[in-house]
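**Student:** Let me begin by handing over the structure; questions about it come next.
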Amino acid sequence: MAVHYYTVTEYEAGQRIDNFLLKYFKKVPKSVIYRIVRKGEVRVDRKRVKPDYKLRLGESIRIPPVKLDTESSPAVVAKEASAALLQLLEKSVLLEDDYLIVLNKPAGLPVHGGSGVAIGLIEAFRQLRPHLPFVELVHRLDRDTSGLILLAKSRQVLNALHALLREGGMDKYYLALVAGRWQGGVREVTLDLQREPGSRRKVQVVNEHEGKSSSSIFAPQKRYADSSLLEVNILTGRMHQIRVQLAHLGYPVLGDDRYGDFKLNRAFRERGLKRLFLHAVRLEFMLDMNGHKYRLQAPLPRELEAVLRDLGKNI
């Protein structure tokens, strides 16, 4: 196995390096994690770090190959992507230039491996483009969310795009189908979020100043008999932000098996919605390195278009 390099996204920023590694190496004992950190085999931006070091957006983590001292296979196996997955990714490319790659990520595909996932979008894409000296995720989408995802083709581009994300220079829009008829017009919502106690995969709304502030602008696009289509402009990039905010407001995203209305989800599943109805539809930003204004759009997947057509018959 070879050394792997991982770039910290907004979702890992602020996380301790030891906790990151425990999540990355699913079956490796804590003692092994602390040993490779102590011996300097793990490095952040080429520097030794202590186990309690907190990661920062855009940093590069050197991850050494690690094997278990058992008959089991290595903790992280460099798995080869299937021909079907590589073909799917090739068809998902919307734009590629000298600076970045834009994909329309399918729902159900994680953006990277780890935590029981053998291979994700970024690992498979590196196999699809083996000649590229550098390709890295700029941001991420939840596994069940489809839509626009950016890959940088150099460290300079990656850092520039991360700066745009930090400074609010990238406009990100989603389409979400929610339960209930949206009341009123455009609404900007700011709520504090934090992980639920004892859970690394679920977020909750907390009192002001008790969590991380999250802001979104919700704009109704169409109202149906028992649901509404919203365009969402996220002003921050918190984990599960759109899903948690909408559930808190009483308009859970349909198909959401974590924060949604389970009874309604079952009803909509019978009507053809078999996934989370959340799609990253537009991205707009200026990249100073080439002076280009990117206005990117990803069409709705066919299965989501079919749901909207069916709903339109019953308005």
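Scheme for the structure tokens: letters A, B, ... for chains in order shown; per-chain residue numbers from 1; ligand numbers from 1 in order shown.
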Show me, as a PyMOL selection string, the residues that have an atom within 8 Å of range 100-108 of chain A when counting only C-alpha atoms, minus same-chain residues fewer than 2 positions from it.
**Tutor:** chain A and resi 89+92-98+110+143-153+157+275+298
**Student:** Mind dumping the selected residues with N, CA, C and O atoms as a CSV table (one decimal), in the first residue's frame?
**Tutor:**
chain,number,residue,atom,x,y,z
A,89,LEU,N,-18.9,7.9,-13.7
A,89,LEU,CA,-18.2,9.1,-13.5
A,89,LEU,C,-17.9,9.9,-14.7
A,89,LEU,O,-18.0,11.1,-14.8
A,92,SER,N,-20.7,11.7,-15.8
A,92,SER,CA,-21.1,12.8,-14.9
A,92,SER,C,-20.3,14.1,-15.0
A,92,SER,O,-20.7,15.1,-14.4
A,93,VAL,N,-19.2,14.0,-15.8
A,93,VAL,CA,-18.4,15.2,-16.0
A,93,VAL,C,-19.2,16.3,-16.8
A,93,VAL,O,-19.6,16.0,-17.9
A,94,LEU,N,-19.4,17.4,-16.2
A,94,LEU,CA,-20.1,18.5,-16.9
A,94,LEU,C,-19.1,19.5,-17.5
A,94,LEU,O,-19.4,20.2,-18.5
A,95,LEU,N,-17.9,19.7,-16.9
A,95,LEU,CA,-16.9,20.6,-17.4
A,95,LEU,C,-15.6,20.2,-16.9
A,95,LEU,O,-15.4,19.8,-15.8
A,96,GLU,N,-14.6,20.4,-17.8
A,96,GLU,CA,-13.2,20.2,-17.3
A,96,GLU,C,-12.3,21.1,-18.1
A,96,GLU,O,-12.4,21.2,-19.3
A,97,ASP,N,-11.5,21.9,-17.4
A,97,ASP,CA,-10.6,22.8,-18.0
A,97,ASP,C,-9.2,22.6,-17.3
A,97,ASP,O,-9.0,21.6,-16.6
A,98,ASP,N,-8.3,23.6,-17.5
A,98,ASP,CA,-6.9,23.4,-16.9
A,98,ASP,C,-6.9,23.6,-15.4
A,98,ASP,O,-5.9,23.3,-14.8
A,110,PRO,N,-20.7,8.1,-2.1
A,110,PRO,CA,-20.0,9.0,-1.2
A,110,PRO,C,-18.9,9.7,-1.9
A,110,PRO,O,-18.3,9.2,-2.9
A,143,ARG,N,-23.8,11.8,1.0
A,143,ARG,CA,-23.9,10.6,0.1
A,143,ARG,C,-25.2,10.6,-0.7
A,143,ARG,O,-25.2,10.2,-1.9
A,144,ASP,N,-26.3,10.9,0.0
A,144,ASP,CA,-27.6,10.8,-0.7
A,144,ASP,C,-28.0,12.0,-1.5
A,144,ASP,O,-29.1,12.1,-2.0
A,145,THR,N,-27.2,13.0,-1.5
A,145,THR,CA,-27.4,14.3,-2.2
A,145,THR,C,-26.8,14.2,-3.6
A,145,THR,O,-25.6,13.7,-3.7
A,146,SER,N,-27.5,14.6,-4.6
A,146,SER,CA,-26.9,14.6,-6.0
A,146,SER,C,-26.5,16.0,-6.3
A,146,SER,O,-26.9,17.0,-5.6
A,147,GLY,N,-25.8,16.2,-7.5
A,147,GLY,CA,-25.5,17.5,-8.0
A,147,GLY,C,-24.1,17.9,-8.1
A,147,GLY,O,-23.2,17.0,-8.1
A,148,LEU,N,-23.9,19.2,-8.2
A,148,LEU,CA,-22.6,19.8,-8.5
A,148,LEU,C,-21.5,19.5,-7.4
A,148,LEU,O,-21.7,19.8,-6.2
A,149,ILE,N,-20.4,19.0,-7.8
A,149,ILE,CA,-19.2,18.8,-7.0
A,149,ILE,C,-18.0,19.3,-7.8
A,149,ILE,O,-17.9,19.0,-9.0
A,150,LEU,N,-17.1,20.0,-7.1
A,150,LEU,CA,-15.9,20.5,-7.7
A,150,LEU,C,-14.6,19.7,-7.3
A,150,LEU,O,-14.5,19.4,-6.2
A,151,LEU,N,-13.8,19.5,-8.3
A,151,LEU,CA,-12.5,18.9,-8.1
A,151,LEU,C,-11.4,19.9,-8.6
A,151,LEU,O,-11.6,20.4,-9.7
A,152,ALA,N,-10.4,20.1,-7.8
A,152,ALA,CA,-9.3,21.0,-8.2
A,152,ALA,C,-8.2,20.2,-8.8
A,152,ALA,O,-7.9,19.1,-8.4
A,153,LYS,N,-7.5,20.8,-9.8
A,153,LYS,CA,-6.4,20.1,-10.5
A,153,LYS,C,-5.0,20.6,-10.1
A,153,LYS,O,-4.0,20.2,-10.7
A,157,VAL,N,-5.2,26.0,-7.1
A,157,VAL,CA,-6.6,26.2,-7.4
A,157,VAL,C,-7.4,25.8,-6.2
A,157,VAL,O,-8.4,26.4,-5.8
A,275,ARG,N,-35.5,8.2,-2.9
A,275,ARG,CA,-34.2,8.8,-2.4
A,275,ARG,C,-34.5,10.2,-1.8
A,275,ARG,O,-35.6,10.7,-1.9
A,298,ALA,N,-26.4,21.9,-12.8
A,298,ALA,CA,-26.6,20.5,-13.0
A,298,ALA,C,-28.1,20.2,-13.1
A,298,ALA,O,-28.9,20.5,-12.2
**Student:** Assign secondary structure with DSSP using the backbone only, and return the residues of range 127-209 of chain A in strand (DSSP E) as a PyMOL selection string.
**Tutor:** chain A and resi 136-137+146-152+170-179+187-195+203-206
**Student:** Name the residues of range 127-220 of chain A that fall into helix (DSSP H, G or I) according to DSSP on the backbone, using the chain letters and numbers of this document, as a list in words.
**Tutor:**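 The helix (DSSP H, G or I) subset of range 127-220 of chain A is Gln127, Leu128, Arg155, Gln156, Val157, Leu158, Asn159, Ala160, Leu161, His162, Ala163, Leu164, Leu165, Arg166 and Glu167 of chain A.
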**Student:** Go ahead and write the residues just picked, all heavy atoms, as a CSV table (one decimal), in the first residue's frame.
**Tutor:**
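Once everything was written out, this is out_35.csv:
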chain,number,residue,atom,x,y,z
A,127,GLN,N,-8.6,7.1,-10.5
A,127,GLN,CA,-8.3,5.9,-11.4
A,127,GLN,C,-8.8,6.3,-12.8
A,127,GLN,O,-8.2,5.8,-13.8
A,127,GLN,CB,-9.1,4.7,-10.8
A,127,GLN,CG,-8.5,4.2,-9.5
A,127,GLN,CD,-9.2,3.0,-8.9
A,127,GLN,OE1,-9.7,2.2,-9.7
A,127,GLN,NE2,-9.3,2.9,-7.6
A,128,LEU,N,-9.9,7.1,-12.9
A,128,LEU,CA,-10.4,7.5,-14.2
A,128,LEU,C,-9.4,8.4,-14.9
A,128,LEU,O,-9.3,8.4,-16.2
A,128,LEU,CB,-11.7,8.1,-14.0
A,128,LEU,CG,-12.5,8.5,-15.3
A,128,LEU,CD1,-12.9,7.3,-16.1
A,128,LEU,CD2,-13.7,9.4,-14.9
A,155,ARG,N,-2.8,22.4,-6.3
A,155,ARG,CA,-2.9,22.9,-4.9
A,155,ARG,C,-3.3,24.4,-4.9
A,155,ARG,O,-4.1,24.8,-4.1
A,155,ARG,CB,-1.6,22.7,-4.3
A,155,ARG,CG,-1.5,23.2,-2.8
A,155,ARG,CD,-2.3,22.5,-1.8
A,155,ARG,NE,-1.9,21.1,-1.8
A,155,ARG,CZ,-2.5,20.1,-1.1
A,155,ARG,NH1,-3.6,20.4,-0.4
A,155,ARG,NH2,-2.1,18.9,-1.1
A,156,GLN,N,-2.8,25.1,-5.9
A,156,GLN,CA,-3.1,26.6,-6.0
A,156,GLN,C,-4.6,26.8,-6.2
A,156,GLN,O,-5.2,27.7,-5.6
A,156,GLN,CB,-2.3,27.2,-7.1
A,156,GLN,CG,-0.8,27.2,-6.8
A,156,GLN,CD,-0.1,26.0,-7.2
A,156,GLN,OE1,-0.7,25.0,-7.6
A,156,GLN,NE2,1.3,25.9,-7.1
A,157,VAL,N,-5.2,26.0,-7.1
A,157,VAL,CA,-6.6,26.2,-7.4
A,157,VAL,C,-7.4,25.8,-6.2
A,157,VAL,O,-8.4,26.4,-5.8
A,157,VAL,CB,-7.0,25.4,-8.6
A,157,VAL,CG1,-8.5,25.4,-8.8
A,157,VAL,CG2,-6.4,25.9,-9.9
A,158,LEU,N,-7.0,24.7,-5.5
A,158,LEU,CA,-7.7,24.2,-4.3
A,158,LEU,C,-7.7,25.3,-3.2
A,158,LEU,O,-8.7,25.6,-2.6
A,158,LEU,CB,-7.0,22.9,-3.8
A,158,LEU,CG,-7.6,22.3,-2.6
A,158,LEU,CD1,-9.0,21.7,-2.9
A,158,LEU,CD2,-6.7,21.2,-2.1
A,159,ASN,N,-6.5,25.9,-3.0
A,159,ASN,CA,-6.5,26.9,-2.0
A,159,ASN,C,-7.3,28.1,-2.3
A,159,ASN,O,-8.0,28.7,-1.5
A,159,ASN,CB,-5.0,27.3,-1.8
A,159,ASN,CG,-4.2,26.2,-1.1
A,159,ASN,OD1,-4.7,25.3,-0.4
A,159,ASN,ND2,-2.9,26.3,-1.3
A,160,ALA,N,-7.3,28.5,-3.6
A,160,ALA,CA,-8.1,29.6,-4.1
A,160,ALA,C,-9.6,29.4,-3.9
A,160,ALA,O,-10.4,30.3,-3.4
A,160,ALA,CB,-7.8,29.9,-5.5
A,161,LEU,N,-10.1,28.2,-4.2
A,161,LEU,CA,-11.5,27.8,-4.0
A,161,LEU,C,-11.9,27.7,-2.6
A,161,LEU,O,-13.0,28.1,-2.2
A,161,LEU,CB,-11.8,26.5,-4.8
A,161,LEU,CG,-11.7,26.7,-6.3
A,161,LEU,CD1,-11.9,25.3,-7.0
A,161,LEU,CD2,-12.8,27.6,-6.9
A,162,HIS,N,-11.0,27.2,-1.7
A,162,HIS,CA,-11.2,27.1,-0.3
A,162,HIS,C,-11.3,28.5,0.3
A,162,HIS,O,-12.2,28.8,1.2
A,162,HIS,CB,-10.1,26.4,0.4
A,162,HIS,CG,-10.3,24.9,0.3
A,162,HIS,ND1,-9.3,24.0,0.7
A,162,HIS,CD2,-11.4,24.1,0.0
A,162,HIS,CE1,-9.8,22.8,0.5
A,162,HIS,NE2,-11.0,22.8,0.1
A,163,ALA,N,-10.5,29.5,-0.2
A,163,ALA,CA,-10.6,30.9,0.2
A,163,ALA,C,-12.0,31.4,-0.1
A,163,ALA,O,-12.6,32.2,0.7
A,163,ALA,CB,-9.5,31.7,-0.4
A,164,LEU,N,-12.5,31.1,-1.3
A,164,LEU,CA,-13.8,31.6,-1.7
A,164,LEU,C,-14.9,31.0,-0.8
A,164,LEU,O,-15.8,31.8,-0.4
A,164,LEU,CB,-14.1,31.2,-3.2
A,164,LEU,CG,-13.3,31.9,-4.3
A,164,LEU,CD1,-13.7,31.3,-5.6
A,164,LEU,CD2,-13.6,33.4,-4.3
A,165,LEU,N,-14.8,29.8,-0.5
A,165,LEU,CA,-15.7,29.2,0.4
A,165,LEU,C,-15.7,29.8,1.8
A,165,LEU,O,-16.8,30.1,2.4
A,165,LEU,CB,-15.4,27.7,0.6
A,165,LEU,CG,-15.8,26.8,-0.6
A,165,LEU,CD1,-15.2,25.4,-0.4
A,165,LEU,CD2,-17.3,26.7,-0.8
A,166,ARG,N,-14.5,30.1,2.3
A,166,ARG,CA,-14.4,30.7,3.6
A,166,ARG,C,-15.0,32.2,3.6
A,166,ARG,O,-15.6,32.6,4.6
A,166,ARG,CB,-12.9,30.8,4.1
A,166,ARG,CG,-12.3,29.5,4.5
A,166,ARG,CD,-11.0,29.7,5.3
A,166,ARG,NE,-10.1,30.5,4.5
A,166,ARG,CZ,-9.2,29.9,3.7
A,166,ARG,NH1,-9.1,28.6,3.5
A,166,ARG,NH2,-8.3,30.7,3.0
A,167,GLU,N,-14.7,32.9,2.5
A,167,GLU,CA,-15.0,34.3,2.5
A,167,GLU,C,-16.4,34.6,1.9
A,167,GLU,O,-16.7,35.8,1.6
A,167,GLU,CB,-13.9,35.0,1.7
A,167,GLU,CG,-12.5,34.9,2.4
A,167,GLU,CD,-11.4,35.2,1.5
A,167,GLU,OE1,-11.6,35.7,0.4
A,167,GLU,OE2,-10.2,34.9,1.9
**Student:** Of the residues A:Leu121, A:Gly58, A:Leu308, A:Pro51, which is the one nearest to Ala81 in chain A, using only C-alpha atoms?
**Tutor:**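 Answer, going by the shortest atom-to-atom distance: A:Leu121.
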**Student:** Please identify all polymer residues within 10 Å of Pro64 in chain A, counting only C-alpha atoms, omitting same-chain residues fewer than 3 positions from it, and present them as a list in words.
**Tutor:**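 Final neighbour list, sorted by chain and number: Met1, Ala2, Val3, His4, Tyr5, Ile36, Val37, Gly40, Glu41, Val42, Arg43, Ile61 and Lys67 of chain A.
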**Student:** Taking into account only C-alpha atoms, which residue in the set A:Thr236, A:Ala225, A:Leu141, A:Ser60 is nearest to Val281 in chain A?
**Tutor:**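 Once distances to Val281 in chain A are computed over only C-alpha atoms, the minimum belongs to A:Leu141.
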**Student:** Here is a test: counting only C-alpha atoms, which residue of A:Thr9, A:Asn290, A:Asn19, A:Asn265 is nearest to Leu137 in chain A?
**Tutor:**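 Smallest separation from Leu137 in chain A among the options: A:Thr9.
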**Student:** Which residue, A:Asp142, A:Asp261, A:Glu208, A:Asp192, has the smallest gap to Gly180 in chain A when you use only C-alpha atoms?
**Tutor:**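 Residue with the minimum atom-to-atom distance to Gly180 in chain A: A:Asp261.
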**Student:** Please provide as a PyMOL selection string all residues within 10 Å of range 193-203 of chain A, with the sequence filter that same-chain residues fewer than 2 positions apart are discarded (counting only C-alpha atoms).
**Tutor:** chain A and resi 23+190-191+205-214+238-241+243-245+258-259
**Student:** Which residues come within 9 Å of Phe277 in chain A, counting only C-alpha atoms, excluding same-chain residues fewer than 4 positions away, as a list in words?
**Tutor:**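 Contacts, with the query itself left out: Asp144, Thr145, Ser146, Leu175, Ala176, Leu177, Val178, Val253, Leu254, Gly255, Asp256, Leu273 and Leu304 of chain A.
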**Student:** List the spatial neighbours of range 183-189 of chain A as a list in words - criterion: any atom at most 9 Å away, only C-alpha atoms, same-chain residues fewer than 4 positions off excluded.
**Tutor:**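 Everything that qualifies: Ser214, Ser215, Ser216, Ile217, Phe218, Ala219, Pro220 and Gln245 of chain A.
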**Student:** Which residue out of A:Leu246, A:Val138, A:Leu230, A:Ala83 has the minimum interatomic distance to His279 in chain A when only C-alpha atoms are used?
**Tutor:** A:Leu230
**Student:** Name the residues in contact with Glu123 in chain A at a cut-off of 12 Å, using only C-alpha atoms, excluding same-chain residues fewer than 4 positions from it; report them as a PyMOL selection string.
**Tutor:** chain A and resi 4-6+77-82+85-86+89+109-114+117-119+127-130+134-137+151
**Student:** Would you mind telling me which residue in A:Pro133, A:Pro65, A:Gly272, A:Gly250 lies nearest to Arg302 in chain A when using only C-alpha atoms?
**Tutor:**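 Smallest separation from Arg302 in chain A among the options: A:Gly272.
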**Student:** Do you have the CA of Val49 in chain A-CA of Gly14 in chain A distance handy?
**Tutor:**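 These atoms are spaced 14.2 Å apart.
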